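Novice: One file is attached below, query-v1.csv, containing CSV, C-alpha atoms.
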```csv
chain,number,residue,atom,x,y,z
A,1,MET,CA,0.0,0.0,0.0
A,2,ARG,CA,1.3,3.4,-0.9
A,3,TYR,CA,0.4,6.9,0.0
A,4,TYR,CA,0.6,10.0,-2.2
A,5,ALA,CA,0.5,13.7,-1.4
A,6,TYR,CA,-1.2,16.0,-3.9
A,7,PHE,CA,-0.2,19.6,-4.6
A,8,THR,CA,-1.3,22.4,-6.9
A,9,ASP,CA,1.0,22.6,-9.9
A,10,SER,CA,1.6,26.3,-10.4
A,11,GLU,CA,3.6,25.6,-13.6
A,12,ALA,CA,0.8,23.7,-15.4
A,13,ALA,CA,-0.1,25.2,-18.7
A,14,GLU,CA,-3.7,26.3,-19.5
A,15,GLY,CA,-5.9,23.3,-19.9
A,16,GLU,CA,-3.4,20.8,-18.4
A,17,ASP,CA,-3.9,18.9,-15.2
A,18,ASP,CA,-2.9,21.3,-12.4
A,19,GLU,CA,-2.3,18.6,-9.8
A,20,LEU,CA,1.1,17.1,-8.8
A,21,GLU,CA,1.4,13.7,-7.2
A,22,VAL,CA,4.3,13.0,-4.9
A,23,ARG,CA,4.9,9.7,-3.1
A,24,VAL,CA,4.9,9.8,0.7
A,25,GLU,CA,8.2,8.4,1.8
A,26,SER,CA,7.6,8.2,5.6
A,27,TRP,CA,5.7,9.6,8.5
A,28,ASP,CA,6.9,11.7,11.4
A,29,ASP,CA,6.3,11.1,15.1
A,30,ASP,CA,3.1,13.2,14.9
A,31,GLY,CA,1.7,11.1,12.0
A,32,ARG,CA,2.3,13.7,9.4
A,33,ALA,CA,3.2,12.6,5.8
A,34,LEU,CA,6.8,13.3,4.7
A,35,VAL,CA,7.8,13.8,1.1
A,36,LEU,CA,11.2,14.2,-0.5
A,37,ASP,CA,12.2,17.8,-1.3
A,38,GLN,CA,14.7,17.2,-4.1
A,39,GLU,CA,16.1,20.7,-4.0
A,40,GLU,CA,16.9,20.5,-0.3
A,41,GLY,CA,17.7,16.8,-0.4
A,42,ARG,CA,15.7,16.0,2.7
A,43,LEU,CA,12.2,14.8,3.8
A,44,VAL,CA,9.7,17.6,4.6
A,45,VAL,CA,6.2,17.6,6.0
A,46,ALA,CA,3.8,17.5,3.0
A,47,LYS,CA,1.2,19.8,4.6
A,48,ASP,CA,3.8,22.5,5.2
A,49,ARG,CA,4.7,22.7,1.4
A,50,PRO,CA,3.1,25.3,-0.9
A,51,GLY,CA,0.1,24.1,-2.8
A,52,PHE,CA,-0.7,21.1,-0.5
A,53,ARG,CA,-4.1,19.7,-1.2
A,54,ARG,CA,-4.4,16.2,0.4
A,55,VAL,CA,-2.9,12.8,1.1
A,56,GLU,CA,-4.5,9.7,-0.3
A,57,ARG,CA,-3.9,6.0,0.1
A,58,TYR,CA,-3.2,4.1,-3.1
A,59,GLU,CA,-4.1,0.4,-2.9
A,60,GLU,CA,-1.4,-1.1,-5.1
A,61,PRO,CA,-2.6,-4.2,-6.9
A,62,GLN,CA,-0.4,-7.3,-6.9
A,63,VAL,CA,0.9,-8.9,-10.1
A,64,ARG,CA,-0.2,-12.6,-10.1
A,65,GLY,CA,1.6,-13.6,-13.3
A,66,VAL,CA,3.2,-12.5,-16.6
A,67,LEU,CA,2.3,-13.7,-20.1
A,68,PRO,CA,4.3,-13.0,-23.3
A,69,GLY,CA,3.1,-10.2,-25.5
A,70,GLY,CA,2.9,-12.3,-28.7
A,71,ASN,CA,2.0,-10.3,-31.7
A,72,TRP,CA,-0.2,-7.8,-29.8
A,73,ARG,CA,0.3,-4.0,-30.2
A,74,LEU,CA,-1.0,-0.8,-28.5
A,75,ARG,CA,-2.1,2.3,-30.3
A,76,LYS,CA,-3.3,5.6,-28.9
A,77,LYS,CA,-7.0,5.9,-29.7
A,78,ASP,CA,-6.6,9.3,-31.4
A,79,SER,CA,-3.5,8.3,-33.3
A,80,PRO,CA,-3.6,8.0,-37.1
A,81,SER,CA,-0.7,5.4,-37.0
A,82,ARG,CA,-1.7,1.9,-37.8
A,83,VAL,CA,1.6,0.5,-36.4
A,84,GLY,CA,1.4,1.1,-32.7
A,85,ARG,CA,3.9,-0.1,-30.1
A,86,GLN,CA,4.8,-3.8,-29.5
A,87,VAL,CA,3.4,-5.3,-26.4
A,88,VAL,CA,6.3,-7.2,-24.7
A,89,ALA,CA,4.2,-8.8,-21.9
A,90,PHE,CA,0.8,-8.9,-20.2
A,91,LEU,CA,0.8,-8.4,-16.4
A,92,VAL,CA,-2.0,-10.5,-14.8
A,93,TYR,CA,-3.7,-9.1,-11.7
A,94,ASP,CA,-6.6,-10.5,-9.7
A,95,THR,CA,-9.3,-8.9,-11.8
A,96,TYR,CA,-7.6,-7.6,-15.0
A,97,VAL,CA,-4.7,-7.9,-17.4
A,98,ARG,CA,-2.4,-4.9,-18.4
A,99,PRO,CA,-0.4,-4.8,-21.6
A,100,VAL,CA,3.2,-3.7,-21.1
A,101,SER,CA,5.1,-1.9,-23.9
A,102,GLY,CA,7.6,0.0,-21.7
A,103,LEU,CA,8.5,0.9,-18.2
A,104,PRO,CA,6.0,2.6,-15.8
A,105,SER,CA,6.2,6.3,-15.1
A,106,ALA,CA,8.4,7.7,-12.3
A,107,ASN,CA,5.7,7.3,-9.7
A,108,GLY,CA,5.4,3.6,-10.5
A,109,ARG,CA,2.0,3.7,-12.3
A,110,TRP,CA,1.4,2.4,-15.8
A,111,GLN,CA,0.3,5.0,-18.4
A,112,THR,CA,-1.6,2.8,-20.8
A,113,THR,CA,-5.3,2.4,-20.1
A,114,SER,CA,-8.3,1.1,-22.1
A,115,ALA,CA,-9.6,4.7,-22.0
A,116,ASN,CA,-6.7,6.1,-24.1
A,117,HIS,CA,-5.3,3.0,-26.0
A,118,ASP,CA,-6.5,0.3,-28.3
A,119,LEU,CA,-5.1,-3.2,-28.2
A,120,PHE,CA,-4.9,-5.1,-31.5
A,121,GLN,CA,-3.1,-8.0,-33.1
A,122,SER,CA,-0.6,-7.3,-35.8
A,123,ASP,CA,-0.5,-9.5,-38.9
```
Take the structure in the file and give it back as structure tokens.
Specialist:
Amino acid sequence: MRYYAYFTDSEAAEGEDDELEVRVESWDDDGRALVLDQEEGRLVVAKDRPGFRRVERYEEPQVRGVLPGGNWRLRKKDSPSRVGRQVVAFLVYDTYVRPVSGLPSANGRWQTTSANHDLFQSD
């Protein structure tokens, strides 16, 4: 189980998501969430940082198995490309399967979802 602190992103462009997600690294003696301040190189209290919004628990699903990607490919739904990216494996969870075509983002979450990608078999 992971926890994340959410902050207002003051550098977000117009129309972009204005929320930053930062992993909670630890808790202090008073039970406050601590996040890494990369500039200072130390843990700081999340609530004391500018733009703090909230802390949320993220129930991290457990991988139960891995299957080869075969000749499956992923393509963004709005992409004109008919080629897509090669699926190298499928991660099997308790209630779903996730195609993998690359490494997850820096926060450990996968960026491909059925909402924004199509899965198809190549010839």
Novice: Taking all atoms listed in the file into account, which of A:Asp28, A:Gly84, A:Ala5, A:Leu20 comes nearest Lys47 of chain A?
Specialist: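 The shortest atom-to-atom distance to Lys47 of chain A comes from A:Ala5.
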Novice: Compile the contact shell of Arg57 of chain A as number ranges by chain: residues with an atom at most 12 Å away, counting only C-alpha atoms, same-chain residues fewer than 4 positions apart removed.
Specialist: A: 1-6, 21-24, 33
Novice: Provide the atom CA of Val45 of chain A to atom CA of Asp18 of chain A distance in Å, to one decimal place.
Specialist: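 Result for atom CA of Val45 of chain A versus atom CA of Asp18 of chain A: 20.9 Å, one decimal.
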Novice: Neighbours of Leu91 of chain A within 10 Å (only C-alpha atoms; same-chain residues fewer than 2 positions away dropped), as a short mmCIF file (atom, residue, chain, number, x, y, z; two decimals) with C-alpha atoms, in the frame of the given file?
Specialist:
```cif
data_model
loop_
_atom_site.label_atom_id
_atom_site.label_comp_id
_atom_site.auth_asym_id
_atom_site.auth_seq_id
_atom_site.Cartn_x
_atom_site.Cartn_y
_atom_site.Cartn_z
CA GLN A 62 -0.40 -7.30 -6.90
CA VAL A 63 0.90 -8.90 -10.10
CA ARG A 64 -0.20 -12.60 -10.10
CA GLY A 65 1.60 -13.60 -13.30
CA VAL A 66 3.20 -12.50 -16.60
CA LEU A 67 2.30 -13.70 -20.10
CA PRO A 68 4.30 -13.00 -23.30
CA GLY A 69 3.10 -10.20 -25.50
CA ALA A 89 4.20 -8.80 -21.90
CA TYR A 93 -3.70 -9.10 -11.70
CA TYR A 96 -7.60 -7.60 -15.00
CA VAL A 97 -4.70 -7.90 -17.40
CA ARG A 98 -2.40 -4.90 -18.40
CA PRO A 99 -0.40 -4.80 -21.60
CA VAL A 100 3.20 -3.70 -21.10
#
```
Novice: What's the separation between atom CA of Phe90 of chain A and atom CA of Trp72 of chain A, in Å to one decimal place?
Specialist: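 Between these atoms lies a distance of 9.7 Å.
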Novice: Would you mind telling me which residue in A:Leu43, A:Arg82, A:Pro61, A:Ala13 lies nearest to Thr95 of chain A when using only C-alpha atoms?
Specialist: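 Smallest distance to Thr95 of chain A is found for A:Pro61.
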Novice: Would you mind reading off the distance between atom CA of Gly41 of chain A and atom CA of Asp9 of chain A, one decimal, in Å?
Specialist: 20.1 Å
Novice: Would you please work out which residue, of A:Arg85, A:Arg53, A:His117, A:Lys77, is nearest to Glu19 of chain A when using all atoms listed in the file?
Specialist: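 Closest residue, counting all atoms listed in the file: A:Arg53.
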Novice: Kindly add all heavy atoms to the incomplete segment 50-61 of chain A and provide the output as a tab-separated table (two decimals), keeping the file's coordinate frame.
Specialist:
```tsv
chain	number	residue	atom	x	y	z
A	50	PRO	N	4.07	24.52	-0.12
A	50	PRO	CA	3.10	25.30	-0.90
A	50	PRO	C	2.26	24.48	-1.82
A	50	PRO	O	2.75	23.53	-2.42
A	50	PRO	CB	4.03	26.26	-1.70
A	50	PRO	CG	5.35	26.22	-1.03
A	50	PRO	CD	5.46	24.89	-0.35
A	51	GLY	N	1.00	24.79	-1.89
A	51	GLY	CA	0.10	24.10	-2.80
A	51	GLY	C	-0.46	22.78	-2.31
A	51	GLY	O	-1.12	22.07	-3.06
A	52	PHE	N	-0.19	22.43	-1.05
A	52	PHE	CA	-0.70	21.10	-0.50
A	52	PHE	C	-2.19	21.06	-0.63
A	52	PHE	O	-2.90	22.00	-0.31
A	52	PHE	CB	-0.24	20.95	0.93
A	52	PHE	CG	-0.81	19.71	1.55
A	52	PHE	CD1	-0.27	18.47	1.28
A	52	PHE	CD2	-1.91	19.78	2.39
A	52	PHE	CE1	-0.80	17.32	1.84
A	52	PHE	CE2	-2.45	18.64	2.96
A	52	PHE	CZ	-1.90	17.40	2.68
A	53	ARG	N	-2.69	19.90	-1.11
A	53	ARG	CA	-4.10	19.70	-1.20
A	53	ARG	C	-4.60	18.55	-0.26
A	53	ARG	O	-5.53	18.74	0.50
A	53	ARG	CB	-4.52	19.27	-2.63
A	53	ARG	CG	-4.42	20.42	-3.62
A	53	ARG	CD	-4.93	19.97	-4.97
A	53	ARG	NE	-4.96	21.09	-5.90
A	53	ARG	CZ	-5.35	20.99	-7.15
A	53	ARG	NH1	-5.74	19.82	-7.63
A	53	ARG	NH2	-5.35	22.05	-7.93
A	54	ARG	N	-3.94	17.37	-0.35
A	54	ARG	CA	-4.40	16.20	0.40
A	54	ARG	C	-3.40	15.08	0.35
A	54	ARG	O	-2.48	15.11	-0.44
A	54	ARG	CB	-5.76	15.73	-0.09
A	54	ARG	CG	-5.67	15.12	-1.48
A	54	ARG	CD	-7.04	14.83	-2.07
A	54	ARG	NE	-6.95	14.22	-3.38
A	54	ARG	CZ	-6.66	14.86	-4.50
A	54	ARG	NH1	-6.42	16.17	-4.48
A	54	ARG	NH2	-6.61	14.22	-5.66
A	55	VAL	N	-3.63	14.06	1.18
A	55	VAL	CA	-2.90	12.80	1.10
A	55	VAL	C	-3.91	11.70	0.88
A	55	VAL	O	-4.97	11.69	1.51
A	55	VAL	CB	-2.11	12.54	2.45
A	55	VAL	CG1	-1.52	11.13	2.45
A	55	VAL	CG2	-1.03	13.56	2.65
A	56	GLU	N	-3.59	10.78	-0.04
A	56	GLU	CA	-4.50	9.70	-0.30
A	56	GLU	C	-3.73	8.35	-0.30
A	56	GLU	O	-2.55	8.29	-0.65
A	56	GLU	CB	-5.09	9.82	-1.74
A	56	GLU	CG	-6.15	10.87	-1.86
A	56	GLU	CD	-6.79	10.90	-3.24
A	56	GLU	OE1	-6.53	9.99	-4.06
A	56	GLU	OE2	-7.55	11.83	-3.49
A	57	ARG	N	-4.44	7.32	0.09
A	57	ARG	CA	-3.90	6.00	0.10
A	57	ARG	C	-4.15	5.35	-1.30
A	57	ARG	O	-5.24	5.48	-1.85
A	57	ARG	CB	-4.53	5.11	1.15
A	57	ARG	CG	-3.97	3.70	1.17
A	57	ARG	CD	-4.44	2.93	2.35
A	57	ARG	NE	-5.89	2.79	2.33
A	57	ARG	CZ	-6.59	2.19	3.26
A	57	ARG	NH1	-5.98	1.69	4.32
A	57	ARG	NH2	-7.89	2.10	3.17
A	58	TYR	N	-3.13	4.72	-1.85
A	58	TYR	CA	-3.20	4.10	-3.10
A	58	TYR	C	-3.07	2.56	-2.90
A	58	TYR	O	-2.01	2.11	-2.49
A	58	TYR	CB	-2.16	4.58	-4.09
A	58	TYR	CG	-2.12	3.88	-5.43
A	58	TYR	CD1	-3.15	4.01	-6.34
A	58	TYR	CD2	-1.04	3.07	-5.77
A	58	TYR	CE1	-3.10	3.37	-7.56
A	58	TYR	CE2	-0.99	2.43	-6.99
A	58	TYR	CZ	-2.03	2.58	-7.88
A	58	TYR	OH	-1.99	1.93	-9.08
A	59	GLU	N	-4.14	1.82	-3.09
A	59	GLU	CA	-4.10	0.40	-2.90
A	59	GLU	C	-3.37	-0.20	-4.16
A	59	GLU	O	-3.91	-0.21	-5.26
A	59	GLU	CB	-5.50	-0.20	-2.86
A	59	GLU	CG	-6.30	0.31	-1.69
A	59	GLU	CD	-5.99	-0.42	-0.39
A	59	GLU	OE1	-5.43	-1.52	-0.45
A	59	GLU	OE2	-6.31	0.13	0.66
A	60	GLU	N	-2.17	-0.64	-3.96
A	60	GLU	CA	-1.40	-1.10	-5.10
A	60	GLU	C	-1.73	-2.58	-5.38
A	60	GLU	O	-1.57	-3.47	-4.54
A	60	GLU	CB	0.11	-1.04	-4.72
A	60	GLU	CG	1.01	-1.34	-5.87
A	60	GLU	CD	2.45	-1.04	-5.53
A	60	GLU	OE1	2.72	-0.31	-4.58
A	60	GLU	OE2	3.31	-1.57	-6.24
A	61	PRO	N	-2.26	-2.84	-6.58
A	61	PRO	CA	-2.60	-4.20	-6.90
A	61	PRO	C	-1.36	-5.07	-7.08
A	61	PRO	O	-0.30	-4.57	-7.43
A	61	PRO	CB	-3.34	-4.07	-8.27
A	61	PRO	CG	-2.91	-2.76	-8.81
A	61	PRO	CD	-2.53	-1.90	-7.65
```
